[in-house]
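A short worksheet on the structure shown next.
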Amino acid sequence: MCGIVGFTSNNINVAPILLDGLSKLEYRGYDSAGIAVRDGSSEPKIVKAKGRLRLLSEKTNGGAAVPGTCGIGHTRWATHGEPSETNAHPHCTDDGNVVGVHNGIIENYVELKEKLTRKGYTFYSQTDTEVAIKMVDYYYKKYNMGPIDAIAKTMVRVRGSYALAVMFKEYPGEIYVARKDSPMIIGVEEDETYVASDVPAVLKYTRQVYYIGNLEMAKLSPGNAVFYNLDGDEIEKELVEIKWDAEAAEKGGYEHFMMKEIHEQPKAVKDTINSVVTVDESSGAQIDLSSVGLTEEEIRSISNIYIVACGSAYHVGVAAQYVIEDLVKVPVRVELASEFRYRKPLLDKNGLVIIISQSGETADSLAALREAKAKGIRTLAIVNVIGSSIAREADNVFYTLAGPEIAVATTKAYSTQLVASYLLAIQFAYVRGELNMDKYRELITELQTIPDKISRVLEDKERIQWFASKFSNAKDVFFIGRGIDYAICLEGSLKMKEISYIHSEAYAAGELKHGTISLIEDGTLVIGVMTQSELYEKTVSNLVEVKSRGAYLMGLAPYGKYEIEDTADFVTYVPRTDEHFTPSLAVIPLQLMGYYISVARGLDVDKPRNLAKSVTVE
Ligand code: AGP
């Protein structure tokens, strides 16, 4: 997830406004930034900087060093190519004919890059964006039909998501934009026109905005915006007045970043799946781990898998253990990084240590990685922040594409880590001959339905909100489940504790009677997670046990298991899916429970007491 801005006016220097707009979008990405500004028909001056936006501002003297009345800017969250000045946007053709910025993911950029290379193009960066910009240039020159047609032809050829803002040498003062799936708004005042990824970037300058639709384009000139559909026909758009305040706007209209990120999960999961799943007519869907760097021979040689992480990332590992062992038939051990690093672990020399970390900077997880490497064991990191310490030091990296996660309580990063572990399990199982082609494709196809199924769970959030409000003063909450449902309980319990400050425990349902059941009192909330058909009846009987001791029961089950309503006082259902993938759906109501109870208690949901987003100390 990145942030783009653009501004064109008759006589205002745009650079300071671009920088200001980017500063309002830093929550969307902050590993590098850049602006391109042109004064009249001059060549655009491009200035880029790795690191926080502050460095770009210093480099351009707050924008004063880059005069010009038309420009674009970008703050990056790296997806393709490490954070660097070279990979930072804007990207430009060698002759300066086209320069642009992009937020999104061009899924077929490799094939397009090969095509352009055959046409004589060269590339200086590792980004998909440079490919997109040069694709526009290619069509602009090939058809000589102007910017809108060049962009339209590019949109037809490209697969993926984009919010694109482009300037053409021969069209001074104008910015051309195109959108598919990534957010974009257009602001217009009397003599100025703005484009940005999100409202916060323009709110200071205008509240009059157009929402450009999917597969639509626009030509922006000072005080004017003309919209086009994919056929290049002009279309009318309604000007909308923004009522949000600046703070609300940064959260995209949500009250908290956490809720915004909960709702970003379908897209984050879809982007992560699409980063390694390719689909073509002849061979159908398949997983390509070349970006992770593990060869099939290395996959076949794995004897054991050790998953090491902290917090929610550890809970991903607990769920992944069930999936990997069931599919890959390889022993998996999951460990807390803070234990692993001091345990003097006995690791098989042909083992694989998987480190899971959103930030890629967690001290215990980094130390565990180094411990594994010191023992000569291959390491694979599942990481969200490109170029982070764990990503740099691991032998192999599987990047999740959750985008920047601001709330301390992880949601979308957790969900992308889950699907990353499913993808590894499916590919490992296939490569090792544990899955035939039909089952392989069946699992991949089912996995591709998860984003929409997460969206369906989110549609039920008002019911969860109503139920959560009844327990905002709870003293203890218990989450119980068996098998992979227990792993889901671990995450649900942590969400509850870390943002609502209510004591909570996750328990293997079969273990409750060995002591902890003594804590159950009248009205104690017990949440039973029952997504595994073979274990369903067992967990139901555990719920009956606690109900007979006064517990108030919430059930979480797949659609169709309606008989649970004879036992549980409140039930929430999730869409059916392959039972390896149910954590991705069952965790959503539990995230919402923690969120709504925290809100009901008037707590700081995004920044809970005592916690940090990344624990970079022991
Ligand atoms: C989860 O909501 C917490 N923020 C915390 O448990 C977190 O998962 C843990 O600190 C690990 O962080 P990492 O993924 O950045 O390594």
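Each chain in the structure tokens gets a letter, A, B and so on, in the order shown; residues start at 1 in every chain, and ligands are counted from 1 in the order they appear.
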
Item to complete: List all protein, DNA and RNA residues that have at least one atom no more than 10 Å from any atom of ligand 1, counting only C-alpha atoms and all ligand atoms, and write them as a PyMOL selection string.
Response: chain A and resi 308-316+337+355-366+382-385+390+405-411+413-414+417+491-492+494-499+591+607-608+611-616

Practice prompt. Tell me, as a PyMOL selection string, which residues lie within 8 Å of stretch 519-536 of chain A, counting only C-alpha atoms; anything in the same chain fewer than 5 positions away does not count.
Written response: chain A and resi 471+474-486+488-489+543+546+549-558+579+582+586

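Here the question is which of A:Leu220, A:Ala372, A:Val571, A:Ala225 gets nearest to A:Gly6 using only C-alpha atoms, and that residue is A:Leu220.
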
Practice prompt. Quick one: everything within 10 Å of A:Ser303, counting only C-alpha atoms, minus sequence neighbours fewer than 6 positions away in the same chain. Send it as a list in words.
Written response: Lys329, Val330, Pro331, Val332, Asp348, Lys349, Asn350, Gly351 and Leu352 of chain A

Export of prior selection with all heavy atoms as a PDB file, in the first residue's frame:
ATOM      1  N   LYS A 329       3.159 -33.811   5.642  1.00  0.00           N
ATOM      2  CA  LYS A 329       3.587 -35.035   6.343  1.00  0.00           C
ATOM      3  C   LYS A 329       5.036 -34.917   6.837  1.00  0.00           C
ATOM      4  O   LYS A 329       5.843 -35.840   6.712  1.00  0.00           O
ATOM      5  CB  LYS A 329       3.456 -36.264   5.419  1.00  0.00           C
ATOM      6  CG  LYS A 329       2.092 -36.399   4.743  1.00  0.00           C
ATOM      7  CD  LYS A 329       1.007 -36.793   5.726  1.00  0.00           C
ATOM      8  CE  LYS A 329      -0.291 -37.113   4.989  1.00  0.00           C
ATOM      9  NZ  LYS A 329      -1.320 -36.064   5.177  1.00  0.00           N
ATOM     10  N   VAL A 330       5.362 -33.715   7.321  1.00  0.00           N
ATOM     11  CA  VAL A 330       6.690 -33.463   7.900  1.00  0.00           C
ATOM     12  C   VAL A 330       6.472 -32.971   9.327  1.00  0.00           C
ATOM     13  O   VAL A 330       5.567 -32.185   9.590  1.00  0.00           O
ATOM     14  CB  VAL A 330       7.422 -32.376   7.069  1.00  0.00           C
ATOM     15  CG1 VAL A 330       8.551 -31.751   7.859  1.00  0.00           C
ATOM     16  CG2 VAL A 330       7.960 -32.957   5.778  1.00  0.00           C
ATOM     17  N   PRO A 331       7.289 -33.460  10.278  1.00  0.00           N
ATOM     18  CA  PRO A 331       7.111 -33.002  11.668  1.00  0.00           C
ATOM     19  C   PRO A 331       7.335 -31.508  11.780  1.00  0.00           C
ATOM     20  O   PRO A 331       8.289 -30.966  11.200  1.00  0.00           O
ATOM     21  CB  PRO A 331       8.178 -33.768  12.433  1.00  0.00           C
ATOM     22  CG  PRO A 331       8.612 -34.881  11.552  1.00  0.00           C
ATOM     23  CD  PRO A 331       8.397 -34.426  10.145  1.00  0.00           C
ATOM     24  N   VAL A 332       6.433 -30.842  12.488  1.00  0.00           N
ATOM     25  CA  VAL A 332       6.543 -29.393  12.705  1.00  0.00           C
ATOM     26  C   VAL A 332       6.558 -29.116  14.203  1.00  0.00           C
ATOM     27  O   VAL A 332       5.741 -29.649  14.953  1.00  0.00           O
ATOM     28  CB  VAL A 332       5.363 -28.645  12.067  1.00  0.00           C
ATOM     29  CG1 VAL A 332       5.454 -27.132  12.330  1.00  0.00           C
ATOM     30  CG2 VAL A 332       5.297 -28.921  10.566  1.00  0.00           C
ATOM     31  N   ASP A 348      17.550 -30.539  13.376  1.00  0.00           N
ATOM     32  CA  ASP A 348      18.049 -31.459  12.352  1.00  0.00           C
ATOM     33  C   ASP A 348      18.743 -30.664  11.248  1.00  0.00           C
ATOM     34  O   ASP A 348      18.235 -29.632  10.804  1.00  0.00           O
ATOM     35  CB  ASP A 348      16.864 -32.244  11.757  1.00  0.00           C
ATOM     36  CG  ASP A 348      17.344 -33.326  10.806  1.00  0.00           C
ATOM     37  OD1 ASP A 348      17.797 -32.951   9.690  1.00  0.00           O
ATOM     38  OD2 ASP A 348      17.314 -34.499  11.178  1.00  0.00           O
ATOM     39  N   LYS A 349      19.876 -31.164  10.791  1.00  0.00           N
ATOM     40  CA  LYS A 349      20.652 -30.356   9.822  1.00  0.00           C
ATOM     41  C   LYS A 349      19.888 -30.137   8.514  1.00  0.00           C
ATOM     42  O   LYS A 349      20.145 -29.205   7.772  1.00  0.00           O
ATOM     43  CB  LYS A 349      22.009 -31.011   9.537  1.00  0.00           C
ATOM     44  CG  LYS A 349      21.977 -32.371   8.866  1.00  0.00           C
ATOM     45  CD  LYS A 349      23.391 -32.887   8.639  1.00  0.00           C
ATOM     46  CE  LYS A 349      23.477 -34.287   8.056  1.00  0.00           C
ATOM     47  NZ  LYS A 349      22.352 -34.792   7.302  1.00  0.00           N
ATOM     48  N   ASN A 350      18.928 -31.001   8.236  1.00  0.00           N
ATOM     49  CA  ASN A 350      18.104 -30.806   7.029  1.00  0.00           C
ATOM     50  C   ASN A 350      16.766 -30.144   7.346  1.00  0.00           C
ATOM     51  O   ASN A 350      15.837 -30.180   6.558  1.00  0.00           O
ATOM     52  CB  ASN A 350      17.850 -32.154   6.335  1.00  0.00           C
ATOM     53  CG  ASN A 350      19.136 -32.753   5.801  1.00  0.00           C
ATOM     54  OD1 ASN A 350      19.965 -32.028   5.236  1.00  0.00           O
ATOM     55  ND2 ASN A 350      19.339 -34.028   6.040  1.00  0.00           N
ATOM     56  N   GLY A 351      16.735 -29.554   8.555  1.00  0.00           N
ATOM     57  CA  GLY A 351      15.491 -28.887   8.946  1.00  0.00           C
ATOM     58  C   GLY A 351      15.351 -27.520   8.285  1.00  0.00           C
ATOM     59  O   GLY A 351      16.296 -27.014   7.668  1.00  0.00           O
ATOM     60  N   LEU A 352      14.174 -26.951   8.419  1.00  0.00           N
ATOM     61  CA  LEU A 352      13.897 -25.578   7.945  1.00  0.00           C
ATOM     62  C   LEU A 352      13.303 -24.804   9.111  1.00  0.00           C
ATOM     63  O   LEU A 352      12.321 -25.247   9.717  1.00  0.00           O
ATOM     64  CB  LEU A 352      12.889 -25.594   6.785  1.00  0.00           C
ATOM     65  CG  LEU A 352      12.399 -24.224   6.306  1.00  0.00           C
ATOM     66  CD1 LEU A 352      13.536 -23.437   5.647  1.00  0.00           C
ATOM     67  CD2 LEU A 352      11.221 -24.374   5.339  1.00  0.00           C
TER      68      LEU A 352
END

Can you write out as a tab-separated table which residues of stretch 329-403 of chain A fall within 10 Å of stretch 72-90 of chain A, alongside each residue's closest atom pair and its distance in Å to one decimal, counting only C-alpha atoms and ordering rows by chain and ascending residue number?
residue	atom	partner	partner_atom	distance
A:Asn384	CA	A:Thr79	CA	9.4
A:Val385	CA	A:Ala78	CA	8.0
A:Ile386	CA	A:Ala78	CA	6.1
A:Gly387	CA	A:Glu82	CA	5.8
A:Ser388	CA	A:Glu82	CA	9.6
A:Arg392	CA	A:Glu82	CA	9.9
A:Tyr399	CA	A:Thr79	CA	8.1
A:Thr400	CA	A:Thr79	CA	8.9
A:Leu401	CA	A:Thr79	CA	6.9
A:Ala402	CA	A:Thr79	CA	9.8
A:Gly403	CA	A:Trp77	CA	6.6

Can you write just those residues out, C-alpha atoms, as a PDB file, in the first residue's frame?
ATOM      1  CA  ASN A 384       5.527  -7.880   6.110  1.00  0.00           C
ATOM      2  CA  VAL A 385       8.129  -5.117   6.114  1.00  0.00           C
ATOM      3  CA  ILE A 386      10.388  -5.343   3.056  1.00  0.00           C
ATOM      4  CA  GLY A 387      14.043  -4.857   3.840  1.00  0.00           C
ATOM      5  CA  SER A 388      13.568  -5.360   7.609  1.00  0.00           C
ATOM      6  CA  ARG A 392      17.553  -9.266   5.184  1.00  0.00           C
ATOM      7  CA  TYR A 399       6.760 -11.226   1.878  1.00  0.00           C
ATOM      8  CA  THR A 400       3.186 -10.721   3.010  1.00  0.00           C
ATOM      9  CA  LEU A 401       1.443  -7.840   1.236  1.00  0.00           C
ATOM     10  CA  ALA A 402      -0.620  -6.456   4.089  1.00  0.00           C
ATOM     11  CA  GLY A 403       0.758  -2.959   3.670  1.00  0.00           C
TER      12      GLY A 403
END

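Nearest residue to A:Ile106, choosing from A:Thr295, A:Ala150, A:Leu164, A:Phe123 and counting only C-alpha atoms: A:Leu164.
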
Worksheet entry | Atom-to-atom span, atom CA of A:Pro200 and atom CA of A:Asp181, Å | 18.8 Å

Discussion item. Residues near A:Lys439, anyone? I mean within 12 Å using only C-alpha atoms, not counting same-chain ones fewer than 4 positions away, as a count of residues only.
Written reply: 15

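The set of residues in stretch 86-133 of chain A assigned to strand (DSSP E or B) by DSSP, using only backbone atoms of this structure, is His91, Cys92, Val98, Val99, Gly100, Val101, His102, Asn103, Gly104, Ile105 and Ile106 of chain A.
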